[in-house]
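*Asks:* Just structure_13.pdb, nothing more (PDB, C-alpha atoms):
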```pdb
MODEL        1
ATOM      1  CA  MET A  26      98.101  72.731   3.000
ATOM      2  CA  SER A  27      96.285  74.739   0.332
ATOM      3  CA  ILE A  28      94.642  72.935  -2.581
ATOM      4  CA  ASN A  29      95.310  74.129  -6.100
ATOM      5  CA  ARG A  30      91.863  74.628  -7.631
ATOM      6  CA  THR A  31      93.141  75.627 -11.057
ATOM      7  CA  ILE A  32      91.500  73.605 -13.830
ATOM      8  CA  VAL A  33      94.070  72.635 -16.446
ATOM      9  CA  LYS A  34      93.199  71.137 -19.817
ATOM     10  CA  LYS A  35      94.463  67.583 -20.043
ATOM     11  CA  ARG A  36      93.603  64.198 -21.496
ATOM     12  CA  LEU A  37      94.415  60.599 -20.632
ATOM     13  CA  LYS A  38      93.527  57.222 -22.159
ATOM     14  CA  VAL A  39      94.022  53.968 -20.297
ATOM     15  CA  ARG A  40      93.471  50.397 -21.427
ATOM     16  CA  VAL A  41      92.532  47.673 -18.962
ATOM     17  CA  PRO A  42      92.122  43.961 -19.806
ATOM     18  CA  GLY A  43      89.292  41.684 -18.813
ATOM     19  CA  SER A  44      89.902  38.463 -16.929
ATOM     20  CA  SER A  45      88.747  34.926 -16.259
ATOM     21  CA  GLY A  46      88.428  34.151 -12.573
ATOM     22  CA  ASN A  47      88.763  30.921 -10.583
ATOM     23  CA  LEU A  48      90.389  28.752 -13.297
ATOM     24  CA  GLY A  49      88.537  25.752 -11.946
ATOM     25  CA  PRO A  50      89.500  25.037  -8.323
ATOM     26  CA  GLY A  51      90.974  28.455  -7.515
ATOM     27  CA  PHE A  52      87.704  29.948  -6.278
ATOM     28  CA  ASP A  53      88.209  33.647  -5.416
ATOM     29  CA  THR A  54      91.960  32.948  -5.635
ATOM     30  CA  LEU A  55      93.131  32.616  -9.257
ATOM     31  CA  ALA A  56      92.415  34.727 -12.342
ATOM     32  CA  LEU A  57      93.917  35.116 -15.786
ATOM     33  CA  SER A  58      94.159  38.443 -17.588
ATOM     34  CA  LEU A  59      92.732  38.335 -21.139
ATOM     35  CA  LYS A  60      93.276  40.509 -24.197
ATOM     36  CA  VAL A  61      89.742  41.840 -24.277
ATOM     37  CA  PHE A  62      89.746  45.460 -23.179
ATOM     38  CA  CYS A  63      87.955  48.335 -21.553
ATOM     39  CA  ARG A  64      89.401  51.674 -22.635
ATOM     40  CA  LEU A  65      88.705  54.832 -20.670
ATOM     41  CA  THR A  66      89.478  58.318 -21.950
ATOM     42  CA  LEU A  67      89.325  61.149 -19.418
ATOM     43  CA  GLU A  68      89.388  64.726 -20.656
ATOM     44  CA  VAL A  69      89.346  67.888 -18.557
ATOM     45  CA  ASP A  70      88.656  71.152 -20.392
ATOM     46  CA  PRO A  71      88.256  74.453 -18.499
ATOM     47  CA  ALA A  72      86.372  75.868 -21.516
ATOM     48  CA  PHE A  73      83.729  73.122 -21.110
ATOM     49  CA  SER A  74      81.357  73.392 -18.142
ATOM     50  CA  GLU A  75      78.453  71.060 -18.996
ATOM     51  CA  GLY A  76      79.980  68.001 -17.411
ATOM     52  CA  PRO A  77      80.325  65.405 -16.337
ATOM     53  CA  VAL A  78      79.347  63.701 -19.580
ATOM     54  CA  VAL A  79      79.764  60.068 -20.586
ATOM     55  CA  SER A  80      79.983  58.681 -24.117
ATOM     56  CA  LEU A  81      80.163  55.020 -25.083
ATOM     57  CA  GLY A  82      81.812  52.947 -27.793
ATOM     58  CA  GLY A  83      83.117  49.470 -28.473
ATOM     59  CA  THR A  84      81.501  46.119 -29.152
ATOM     60  CA  TYR A  85      79.676  45.658 -25.844
ATOM     61  CA  THR A  86      77.804  48.755 -24.645
ATOM     62  CA  GLN A  87      74.200  47.557 -24.475
ATOM     63  CA  GLY A  88      73.016  48.014 -20.920
ATOM     64  CA  LEU A  89      75.648  50.603 -20.027
ATOM     65  CA  SER A  90      74.202  53.912 -18.868
ATOM     66  CA  LYS A  91      75.472  57.433 -19.455
ATOM     67  CA  ASP A  92      74.085  58.891 -16.232
ATOM     68  CA  SER A  93      74.965  58.589 -12.551
ATOM     69  CA  ASN A  94      74.254  54.847 -12.689
ATOM     70  CA  ASN A  95      77.347  54.348 -14.828
ATOM     71  CA  LEU A  96      79.928  52.523 -12.695
ATOM     72  CA  VAL A  97      82.925  54.448 -14.033
ATOM     73  CA  LEU A  98      81.285  57.841 -13.562
ATOM     74  CA  LYS A  99      80.062  56.920 -10.091
ATOM     75  CA  LEU A 100      83.519  55.807  -8.932
ATOM     76  CA  VAL A 101      85.240  58.862 -10.417
ATOM     77  CA  LEU A 102      82.778  61.290  -8.807
ATOM     78  CA  GLU A 103      83.036  59.546  -5.434
ATOM     79  CA  PHE A 104      86.822  59.769  -5.594
ATOM     80  CA  LEU A 105      86.726  63.456  -6.526
ATOM     81  CA  GLU A 106      84.368  64.153  -3.636
ATOM     82  CA  ALA A 107      86.619  62.268  -1.213
ATOM     83  CA  ARG A 108      89.579  64.382  -2.347
ATOM     84  CA  GLU A 109      87.489  67.584  -2.176
ATOM     85  CA  ARG A 110      87.877  68.132  -5.907
ATOM     86  CA  SER A 111      84.276  67.934  -7.080
ATOM     87  CA  ASP A 112      84.957  71.207  -8.919
ATOM     88  CA  ILE A 113      86.625  69.144 -11.659
ATOM     89  CA  ALA A 114      83.405  67.279 -12.496
ATOM     90  CA  LYS A 115      81.694  70.010 -14.512
ATOM     91  CA  HIS A 116      84.719  70.183 -16.812
ATOM     92  CA  LEU A 117      84.974  66.403 -17.255
ATOM     93  CA  LYS A 118      84.306  64.217 -20.283
ATOM     94  CA  LEU A 119      84.527  60.423 -20.050
ATOM     95  CA  HIS A 120      84.563  58.102 -23.037
ATOM     96  CA  ILE A 121      84.235  54.377 -22.323
ATOM     97  CA  GLU A 122      85.072  51.931 -25.094
ATOM     98  CA  ASN A 123      84.192  48.423 -23.987
ATOM     99  CA  ASP A 124      85.059  45.202 -25.824
ATOM    100  CA  ILE A 125      84.495  42.882 -22.843
ATOM    101  CA  PRO A 126      81.197  40.944 -22.864
ATOM    102  CA  LEU A 127      79.049  42.234 -20.003
ATOM    103  CA  ALA A 128      77.855  40.033 -17.124
ATOM    104  CA  ARG A 129      79.493  36.986 -18.683
ATOM    105  CA  GLY A 130      82.187  36.247 -16.093
ATOM    106  CA  LEU A 131      84.964  38.047 -17.980
ATOM    107  CA  GLY A 132      85.734  40.782 -15.483
ATOM    108  CA  SER A 133      84.065  43.711 -17.261
ATOM    109  CA  SER A 134      83.135  45.537 -14.049
ATOM    110  CA  SER A 135      86.558  44.947 -12.491
ATOM    111  CA  ALA A 136      88.330  46.311 -15.559
ATOM    112  CA  ALA A 137      86.072  49.369 -15.649
ATOM    113  CA  GLY A 138      86.553  49.927 -11.930
ATOM    114  CA  ILE A 139      90.345  49.720 -12.122
ATOM    115  CA  ALA A 140      90.316  52.231 -14.995
ATOM    116  CA  ALA A 141      88.024  54.559 -13.046
ATOM    117  CA  ILE A 142      90.056  54.652  -9.826
ATOM    118  CA  TRP A 143      93.358  54.959 -11.686
ATOM    119  CA  GLY A 144      91.970  57.784 -13.827
ATOM    120  CA  ALA A 145      90.442  59.531 -10.826
ATOM    121  CA  GLN A 146      93.847  59.634  -9.120
ATOM    122  CA  TRP A 147      95.296  61.212 -12.245
ATOM    123  CA  LEU A 148      92.513  63.817 -12.297
ATOM    124  CA  VAL A 149      93.531  65.127  -8.860
ATOM    125  CA  ASP A 150      97.245  65.065  -9.752
ATOM    126  CA  GLU A 151      98.109  62.098  -7.574
ATOM    127  CA  ASP A 152     100.605  59.526  -8.799
ATOM    128  CA  PRO A 153      98.221  56.685  -9.707
ATOM    129  CA  ASP A 154      98.724  53.638  -7.510
ATOM    130  CA  LEU A 155      97.595  50.276  -8.880
ATOM    131  CA  ASP A 156      97.503  48.752  -5.405
ATOM    132  CA  LEU A 157      95.048  51.425  -4.299
ATOM    133  CA  CYS A 158      92.903  50.572  -7.331
ATOM    134  CA  ILE A 159      92.941  46.854  -6.525
ATOM    135  CA  GLN A 160      92.100  47.380  -2.855
ATOM    136  CA  ALA A 161      89.237  49.752  -3.688
ATOM    137  CA  ILE A 162      87.592  47.551  -6.323
ATOM    138  CA  SER A 163      88.142  44.378  -4.286
ATOM    139  CA  GLN A 164      86.394  45.977  -1.327
ATOM    140  CA  LEU A 165      83.519  46.906  -3.612
ATOM    141  CA  GLU A 166      83.223  43.432  -5.184
ATOM    142  CA  GLY A 167      84.125  41.297  -2.180
ATOM    143  CA  HIS A 168      86.898  39.406  -3.986
ATOM    144  CA  ALA A 169      90.195  40.464  -5.547
ATOM    145  CA  GLU A 170      91.219  38.054  -8.287
ATOM    146  CA  ASN A 171      89.580  39.864 -11.216
ATOM    147  CA  SER A 172      90.691  43.360 -10.241
ATOM    148  CA  ALA A 173      94.252  42.158  -9.582
ATOM    149  CA  ALA A 174      94.416  40.395 -12.963
ATOM    150  CA  SER A 175      93.111  43.480 -14.768
ATOM    151  CA  ALA A 176      95.590  45.750 -13.010
ATOM    152  CA  ALA A 177      98.710  43.574 -13.037
ATOM    153  CA  GLY A 178      98.262  41.209 -16.012
ATOM    154  CA  GLY A 179      99.273  37.551 -16.213
ATOM    155  CA  MET A 180      97.768  34.897 -13.985
ATOM    156  CA  VAL A 181      97.306  36.251 -10.488
ATOM    157  CA  THR A 182      97.027  34.528  -7.145
ATOM    158  CA  VAL A 183      95.341  36.523  -4.383
ATOM    159  CA  SER A 184      94.761  36.184  -0.655
ATOM    160  CA  ARG A 185      93.578  38.400   2.164
ATOM    161  CA  SER A 186      96.303  39.343   4.644
ATOM    162  CA  ARG A 187      96.002  39.336   8.408
ATOM    163  CA  ILE A 188      95.342  43.079   8.402
ATOM    164  CA  GLY A 189      92.530  42.727   5.889
ATOM    165  CA  SER A 190      94.183  44.028   2.736
ATOM    166  CA  TRP A 191      94.528  41.931  -0.406
ATOM    167  CA  GLU A 192      97.889  40.495  -1.455
ATOM    168  CA  TYR A 193      98.473  39.416  -5.056
ATOM    169  CA  LEU A 194     101.194  37.916  -7.215
ATOM    170  CA  SER A 195     101.293  37.759 -11.012
ATOM    171  CA  THR A 196     102.698  34.708 -12.795
ATOM    172  CA  PRO A 197     103.373  34.591 -16.575
ATOM    173  CA  TRP A 198     100.986  32.422 -18.572
ATOM    174  CA  PRO A 199     102.680  29.793 -20.773
ATOM    175  CA  GLU A 200     103.132  30.909 -24.383
ATOM    176  CA  SER A 201     102.533  27.332 -25.556
ATOM    177  CA  TRP A 202      98.919  27.334 -24.317
ATOM    178  CA  SER A 203      95.930  28.783 -26.173
ATOM    179  CA  LEU A 204      92.598  30.023 -24.875
ATOM    180  CA  ILE A 205      89.103  29.672 -26.274
ATOM    181  CA  VAL A 206      86.164  31.417 -24.601
ATOM    182  CA  VAL A 207      82.601  30.255 -25.207
ATOM    183  CA  VAL A 208      80.213  33.140 -24.455
ATOM    184  CA  PRO A 209      76.546  32.069 -24.143
ATOM    185  CA  PRO A 210      73.841  34.539 -25.220
ATOM    186  CA  TYR A 211      72.627  35.170 -21.665
ATOM    187  CA  GLU A 212      73.896  36.835 -18.517
ATOM    188  CA  VAL A 213      74.595  35.351 -15.105
ATOM    189  CA  SER A 214      74.882  37.887 -12.307
ATOM    190  CA  THR A 215      77.485  37.281  -9.616
ATOM    191  CA  PRO A 216      74.940  37.598  -6.766
ATOM    192  CA  VAL A 217      72.764  34.912  -8.362
ATOM    193  CA  ALA A 218      75.772  32.660  -8.993
ATOM    194  CA  ARG A 219      76.873  33.016  -5.375
ATOM    195  CA  LYS A 220      73.386  32.398  -4.026
ATOM    196  CA  VAL A 221      73.342  28.859  -5.439
ATOM    197  CA  LEU A 222      76.489  27.901  -3.534
ATOM    198  CA  PRO A 223      76.158  25.925  -0.293
ATOM    199  CA  ARG A 224      76.728  27.773   2.976
ATOM    200  CA  SER A 225      79.315  25.166   4.001
ATOM    201  CA  ILE A 226      81.317  22.357   2.434
ATOM    202  CA  GLY A 227      82.987  19.246   3.740
ATOM    203  CA  VAL A 228      86.640  19.045   4.695
ATOM    204  CA  SER A 229      87.322  16.511   1.953
ATOM    205  CA  GLN A 230      85.902  18.875  -0.691
ATOM    206  CA  ALA A 231      87.996  21.735   0.626
ATOM    207  CA  VAL A 232      91.158  19.631   0.666
ATOM    208  CA  VAL A 233      90.634  18.531  -2.941
ATOM    209  CA  ASN A 234      90.321  22.124  -4.064
ATOM    210  CA  ILE A 235      93.340  23.262  -2.042
ATOM    211  CA  GLN A 236      95.413  20.498  -3.613
ATOM    212  CA  ASN A 237      94.152  21.176  -7.129
ATOM    213  CA  THR A 238      94.666  24.930  -6.829
ATOM    214  CA  ALA A 239      98.261  24.377  -5.737
ATOM    215  CA  MET A 240      98.778  22.013  -8.667
ATOM    216  CA  VAL A 241      97.229  24.416 -11.202
ATOM    217  CA  LEU A 242      99.602  27.117 -10.017
ATOM    218  CA  SER A 243     102.538  24.695 -10.208
ATOM    219  CA  ALA A 244     101.477  23.584 -13.691
ATOM    220  CA  VAL A 245     101.399  27.175 -14.943
ATOM    221  CA  MET A 246     104.770  28.013 -13.418
ATOM    222  CA  SER A 247     106.381  24.885 -14.899
ATOM    223  CA  GLU A 248     104.368  24.941 -18.165
ATOM    224  CA  ASP A 249     103.362  21.358 -17.462
ATOM    225  CA  SER A 250     100.353  20.506 -19.648
ATOM    226  CA  TYR A 251      99.800  17.082 -18.134
ATOM    227  CA  LEU A 252      99.779  18.477 -14.606
ATOM    228  CA  LEU A 253      97.257  21.144 -15.587
ATOM    229  CA  LYS A 254      94.941  18.643 -17.261
ATOM    230  CA  THR A 255      94.919  16.344 -14.229
ATOM    231  CA  SER A 256      94.400  19.085 -11.628
ATOM    232  CA  ILE A 257      92.074  21.711 -13.120
ATOM    233  CA  PHE A 258      89.038  20.230 -11.421
ATOM    234  CA  ASP A 259      86.666  21.920  -8.971
ATOM    235  CA  THR A 260      84.400  20.552  -6.231
ATOM    236  CA  ILE A 261      83.040  23.641  -4.462
ATOM    237  CA  HIS A 262      81.399  25.961  -7.007
ATOM    238  CA  GLU A 263      81.111  24.520 -10.524
ATOM    239  CA  PRO A 264      78.888  21.545  -9.574
ATOM    240  CA  PHE A 265      76.332  23.979  -8.127
ATOM    241  CA  ARG A 266      76.512  26.462 -11.007
ATOM    242  CA  GLU A 267      75.993  23.932 -13.789
ATOM    243  CA  ALA A 268      72.239  24.467 -13.472
ATOM    244  CA  LEU A 269      72.792  28.150 -14.351
ATOM    245  CA  VAL A 270      75.160  27.365 -17.237
ATOM    246  CA  PRO A 271      74.114  24.053 -18.844
ATOM    247  CA  GLU A 272      76.704  24.580 -21.582
ATOM    248  CA  LEU A 273      79.435  23.826 -19.021
ATOM    249  CA  PRO A 274      78.668  20.115 -18.476
ATOM    250  CA  GLN A 275      77.822  19.763 -22.159
ATOM    251  CA  LEU A 276      81.199  21.105 -23.234
ATOM    252  CA  LYS A 277      83.046  19.054 -20.649
ATOM    253  CA  MET A 278      81.370  15.969 -22.069
ATOM    254  CA  ALA A 279      81.977  16.974 -25.696
ATOM    255  CA  LEU A 280      85.684  17.640 -25.114
ATOM    256  CA  ARG A 281      86.434  14.949 -22.544
ATOM    257  CA  ASN A 282      88.253  12.587 -24.935
ATOM    258  CA  GLY A 283      90.115  15.276 -26.858
ATOM    259  CA  PRO A 284      93.323  17.215 -26.239
ATOM    260  CA  ALA A 285      91.750  20.128 -24.302
ATOM    261  CA  LEU A 286      93.683  20.731 -21.076
ATOM    262  CA  GLY A 287      90.765  22.251 -19.177
ATOM    263  CA  VAL A 288      87.132  23.292 -19.499
ATOM    264  CA  VAL A 289      86.128  25.629 -16.666
ATOM    265  CA  LEU A 290      83.502  28.193 -15.819
ATOM    266  CA  SER A 291      84.881  31.706 -16.289
ATOM    267  CA  GLY A 292      84.264  33.518 -13.028
ATOM    268  CA  ALA A 293      80.599  33.222 -12.115
ATOM    269  CA  GLY A 294      79.652  32.548 -15.743
ATOM    270  CA  SER A 295      78.058  32.410 -18.128
ATOM    271  CA  SER A 296      81.272  32.212 -20.197
ATOM    272  CA  ILE A 297      83.324  29.038 -20.338
ATOM    273  CA  LEU A 298      87.097  29.023 -20.662
ATOM    274  CA  VAL A 299      88.757  26.229 -22.628
ATOM    275  CA  ILE A 300      92.527  25.791 -22.326
ATOM    276  CA  THR A 301      94.541  23.850 -24.889
ATOM    277  CA  GLU A 302      98.053  23.546 -26.221
ATOM    278  CA  LYS A 303      98.579  25.763 -29.259
ATOM    279  CA  HIS A 304      99.236  22.892 -31.617
ATOM    280  CA  HIS A 305      95.865  21.386 -30.646
ATOM    281  CA  ALA A 306      93.895  24.643 -30.731
ATOM    282  CA  GLU A 307      92.291  24.121 -34.142
ATOM    283  CA  GLU A 308      91.283  20.568 -33.264
ATOM    284  CA  VAL A 309      89.650  21.729 -30.032
ATOM    285  CA  LEU A 310      87.949  24.619 -31.813
ATOM    286  CA  SER A 311      86.597  22.209 -34.409
ATOM    287  CA  SER A 312      85.155  20.023 -31.642
ATOM    288  CA  ILE A 313      83.464  23.048 -30.086
ATOM    289  CA  GLU A 314      81.968  24.048 -33.434
ATOM    290  CA  LYS A 315      80.740  20.477 -33.940
ATOM    291  CA  TRP A 316      79.089  20.596 -30.515
ATOM    292  CA  GLN A 317      77.426  23.867 -31.479
ATOM    293  CA  ALA A 318      76.138  22.416 -34.723
ATOM    294  CA  ASN A 319      74.730  19.340 -32.962
ATOM    295  CA  THR A 320      73.037  21.276 -30.163
ATOM    296  CA  GLY A 321      72.033  24.472 -31.936
ATOM    297  CA  ASP A 322      74.058  26.464 -29.423
ATOM    298  CA  GLN A 323      74.207  30.205 -30.168
ATOM    299  CA  SER A 324      77.294  31.083 -28.117
ATOM    300  CA  VAL A 325      79.899  33.492 -29.443
ATOM    301  CA  ILE A 326      83.391  32.019 -29.662
ATOM    302  CA  LEU A 327      86.351  34.224 -28.715
ATOM    303  CA  LYS A 328      90.025  33.356 -29.006
ATOM    304  CA  PRO A 329      91.790  35.896 -26.780
ATOM    305  CA  GLU A 330      95.421  35.676 -25.849
ATOM    306  CA  ALA A 331      96.562  35.965 -22.263
ATOM    307  CA  ASP A 332      97.454  39.546 -21.361
ATOM    308  CA  HIS A 333     100.699  40.204 -19.497
ATOM    309  CA  ASP A 334     100.605  44.007 -19.324
ATOM    310  CA  GLY A 335      97.617  44.838 -17.161
ATOM    311  CA  LEU A 336      96.681  48.519 -17.150
ATOM    312  CA  VAL A 337      98.578  50.591 -19.701
ATOM    313  CA  ILE A 338      98.449  54.196 -20.878
ATOM    314  CA  GLU A 339      97.590  54.443 -24.571
ATOM    315  CA  ILE A 340      98.794  57.158 -26.917
ATOM    316  CA  ASP A 341      96.317  58.218 -29.599
TER     317      ASP A 341
ENDMDL
END
```
Taking this structure as input, can you express it in the form of C-alpha cells?

*Replies:*
Amino acid sequence: MSINRTIVKKRLKVRVPGSSGNLGPGFDTLALSLKVFCRLTLEVDPAFSEGPVVSLGGTYTQGLSKDSNNLVLKLVLEFLEARERSDIAKHLKLHIENDIPLARGLGSSSAAGIAAIWGAQWLVDEDPDLDLCIQAISQLEGHAENSAASAAGGMVTVSRSRIGSWEYLSTPWPESWSLIVVVPPYEVSTPVARKVLPRSIGVSQAVVNIQNTAMVLSAVMSEDSYLLKTSIFDTIHEPFREALVPELPQLKMALRNGPALGVVLSGAGSSILVITEKHHAEEVLSSIEKWQANTGDQSVILKPEADHDGLVIEID
C-alpha cells in the first residue's frame, strides 16, 4: 500500500487532565482525574520547514526543555518514525501549555504522554485511539492508573490482563465531595519514591490493602462518606514514603479530629490529596491554613474539581 507523503496544513489542540494516583490503599490501581491540565497544540505547515520546534506556556514550565529531551517531542518523533512519516517533523510546531505541577505526584508526565501519542496518531491521519495511548504510556511508566485517568476521566481502576495489556474502568466521582491538594515546594521523583519501598510485604499487610481498596471503590460508587473515611488507609507504600514527604504525617495529625474524609499521598508525592464533603470544605481548608501558619509550611494549596471528561479536543 502506498503512503501519501503530501504535507497538508492543519492544526489541533487537545486538553488532558492531571491525576492523583493510588488514593491511599489502591497502589498502582486507583487514580482520580483532576481539573489541572496539559494542553498540546500541534500545527503542521508545509510552508514552514525549520521544525520540529517546541514552545512552552502555562503556570508550570520550569524544567521543561524545548529540545529532543522534551517528553512530548520525543514521543511524537518516535511515533512518526515508527509509522515511516518522519518527513512531517520538519513542518511541525508543538506548543505545550502546562498547568500541572511537575514532579509532584499529579500525573504531569502521564498527561503529556497521552497528549503526545494521541496527537501523533492524528498527525499521520490515523483515527486516534485512547486505548493505544494508555497502553503506550503505561508501558513507558510501568503502571497504568495515571495515564488511564488522564485519558478517560473520572476515578479509574486498572489491572494487567493475562495477556499483558492494561484493563481500566472509569467510575464517576461523587459531586458531593471536594478536593484539596497540598503541593510542597519540592519534587519527589517516582524512581526515588519506589526505591524506598520494601521488596516484599506480609500477607496481612496485603490483605488489609486489598480490603481497603475494594471498600474505597465501593464508597465512591455508593457515595458513602463514612465508608470512605473508614477505609482510605494504606499499609504498603505511605508508611515508607513519609520520610520523603514529612507533610503527610503532619497533615494527617492536624486533620485527624476534623471532618476530612481522607488525607493521602498523591501518587509518589510530594503532593497530598485531602478529600472532604463539600459542606465541610471551608472548615477543612481553614484547618490546613492553620497548620501552615503554625509550621511555617510553604506549600501551595490547590482546589481542583474532579475531571470526568479525560482527553478532549479544544476549539480556539

*Asks:* For region 201-208 of chain A, find every residue with an atom within 6 Å (counting all atoms listed in the file), except residues of its own chain fewer than 2 positions away, and show them as a list in words.

*Replies:*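 Near neighbours after the sequence-gap exclusion: Pro199, Ser296, Ile297, Leu298, Val299, Ile300, Thr301, Glu302, Lys303, Ser324, Val325, Ile326, Leu327 and Lys328 of chain A.
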
*Asks:* Quick one: of A:Leu242, A:Leu57, A:Cys158, A:Val149, who's nearest to Ser111 (chain A), counting only C-alpha atoms?

*Replies:* A:Val149

*Asks:* Listing only residues of region 52-106 of chain A within 9 Å of region 135-141 of chain A, what is the closest atom pair and its distance in Å (to one decimal) for each, using all atoms listed in the file, sorted by chain and residue number ascending, as a tab-separated table?

*Replies:*
```
residue	atom	partner	partner_atom	distance
A:Phe62	CA	A:Ala136	CA	7.8
A:Cys63	CA	A:Ala137	CA	6.3
A:Arg64	CA	A:Ala140	CA	7.7
A:Leu65	CA	A:Ala140	CA	6.4
A:Leu96	CA	A:Gly138	CA	7.2
A:Val97	CA	A:Ala141	CA	5.2
A:Leu98	CA	A:Ala141	CA	7.5
A:Lys99	CA	A:Ala141	CA	8.8
A:Leu100	CA	A:Ala141	CA	6.2
A:Val101	CA	A:Ala141	CA	5.8
```

*Asks:* Check which residues satisfy the PyMOL selection byres ((chain A and resi 229-234) around 8) in the file shown, then give them as a PyMOL selection string.

*Replies:* chain A and resi 50-51+226-228+235-238+258-261

*Asks:* So which residues touch region 177-180 of chain A within 8 Å, counting all atoms listed in the file, skipping near sequence neighbours fewer than 4 positions away, as a list of chain:residue names?

*Replies:* A:Pro42, A:Leu55, A:Ala56, A:Leu57, A:Ser58, A:Leu155, A:Ala173, A:Ser195, A:Thr196, A:Pro197, A:Trp198, A:Ala331, A:Asp332, A:His333, A:Asp334, A:Gly335, A:Leu336

*Asks:* Contacts of Val309 (chain A) at 7 Å or less, counting only C-alpha atoms, minus same-chain residues fewer than 4 places along, as a ChimeraX atom specification?

*Replies:* /A:284-285,305,313

*Asks:* Using only C-alpha atoms, please write the residues we just selected to a file, as a PDB file, keeping the file's coordinate frame.

*Replies:*
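Dumped to result.pdb:
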```
ATOM      1  CA  PRO A 284      93.323  17.215 -26.239  1.00  0.00           C
ATOM      2  CA  ALA A 285      91.750  20.128 -24.302  1.00  0.00           C
ATOM      3  CA  HIS A 305      95.865  21.386 -30.646  1.00  0.00           C
ATOM      4  CA  ILE A 313      83.464  23.048 -30.086  1.00  0.00           C
TER       5      ILE A 313
END
```

*Asks:* In Å, with one decimal, what is the gap from CA of Val183 (chain A) to CA of Leu222 (chain A)?

*Replies:* 20.7 Å

*Asks:* Give the answer as one residue: which of A:Val270, A:Gln146, A:Leu253, A:Gly46 has the shortest atom-to-atom distance to Ala169 (chain A), using only C-alpha atoms?

*Replies:*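 Of A:Val270, A:Gln146, A:Leu253, A:Gly46, the one nearest Ala169 (chain A), counting only C-alpha atoms, is A:Gly46.
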
*Asks:* CA of Glu151 (chain A) and CA of Leu119 (chain A) are how many Å apart?

*Replies:*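 Computing the Euclidean distance for CA of Glu151 (chain A) and CA of Leu119 (chain A) yields 18.5 Å.
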
*Asks:* For Ser295 (chain A), please output as a list in words all residues within 10 Å (counting all atoms listed in the file; exclusion window: fewer than 5 positions along the same chain).

*Replies:* Ala128, Arg129, Gly130, Leu131, Val207, Val208, Pro209, Pro210, Tyr211, Glu212, Val213, Ser214, Thr215, Ala218, Arg266, Glu267, Leu269, Val270, Pro271, Glu272, Leu273 and Leu290 of chain A

*Asks:* Could you check how far CA of Ala239 (chain A) sits from CA of Ile257 (chain A), in Å to one decimal?

*Replies:* 10.0 Å

*Asks:* I would like the residues chosen by the PyMOL selection byres ((chain A and resi 252) around 10) on the shown file; could you give them as a ChimeraX atom specification?

*Replies:* /A:237,240-245,247-251,253-257,286

*Asks:* Suppose a student applies the PyMOL selection byres ((chain A and resi 66) around 10) to this structure; what residues should they get, written as a PyMOL selection string?

*Replies:* chain A and resi 36-40+64-65+67-68+79-80+118-122+140-141+144+338-339

*Asks:* List as a list in words the protein and nucleic acid residues near Asn319 (chain A), meaning an atom at most 12 Å away when only C-alpha atoms are counted, but skip any in the same chain fewer than 4 places from it.

*Replies:*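 Here the answer would be Gln275, Leu276, Ala279, Ser312, Ile313, Glu314, Lys315 and Gln323 of chain A.
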
*Asks:* Considering all atoms listed in the file, give me a table of residues in region 107-183 of chain A that are at most 6 Å from region 72-78 of chain A, with the closest atom pair and distance in Å for each, as CSV.

*Replies:*
```
residue,atom,partner,partner_atom,distance
A:Ala114,CA,A:Pro77,CA,5.3
A:Lys115,CA,A:Gly76,CA,3.9
A:His116,CA,A:Ser74,CA,4.8
A:Leu117,CA,A:Pro77,CA,4.8
A:Lys118,CA,A:Val78,CA,5.0
```

*Asks:* Between A:Val181, A:Ile162, A:Ile32, A:Leu148, which one has atoms that come closest to Pro71 (chain A), using all atoms listed in the file?

*Replies:*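 Among the listed residues, the smallest separation from Pro71 (chain A) belongs to A:Ile32.
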
*Asks:* Which one is closest to Asn282 (chain A): A:Glu308, A:Pro329, A:Gly43, A:Ser175? Count all atoms listed in the file.

*Replies:*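 Comparing A:Glu308, A:Pro329, A:Gly43, A:Ser175 against Asn282 (chain A), the winner is A:Glu308.
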
*Asks:* Return as AutoDock Vina command-line options the box centre and box size in Å, one decimal, for an axis-aligned box around all listed atoms of region 69-84 of chain A padded by 8 Å per side.

*Replies:*
```
--center_x 83.9 --center_y 61.0 --center_z -22.7 --size_x 26.9 --size_y 45.7 --size_z 28.8
```
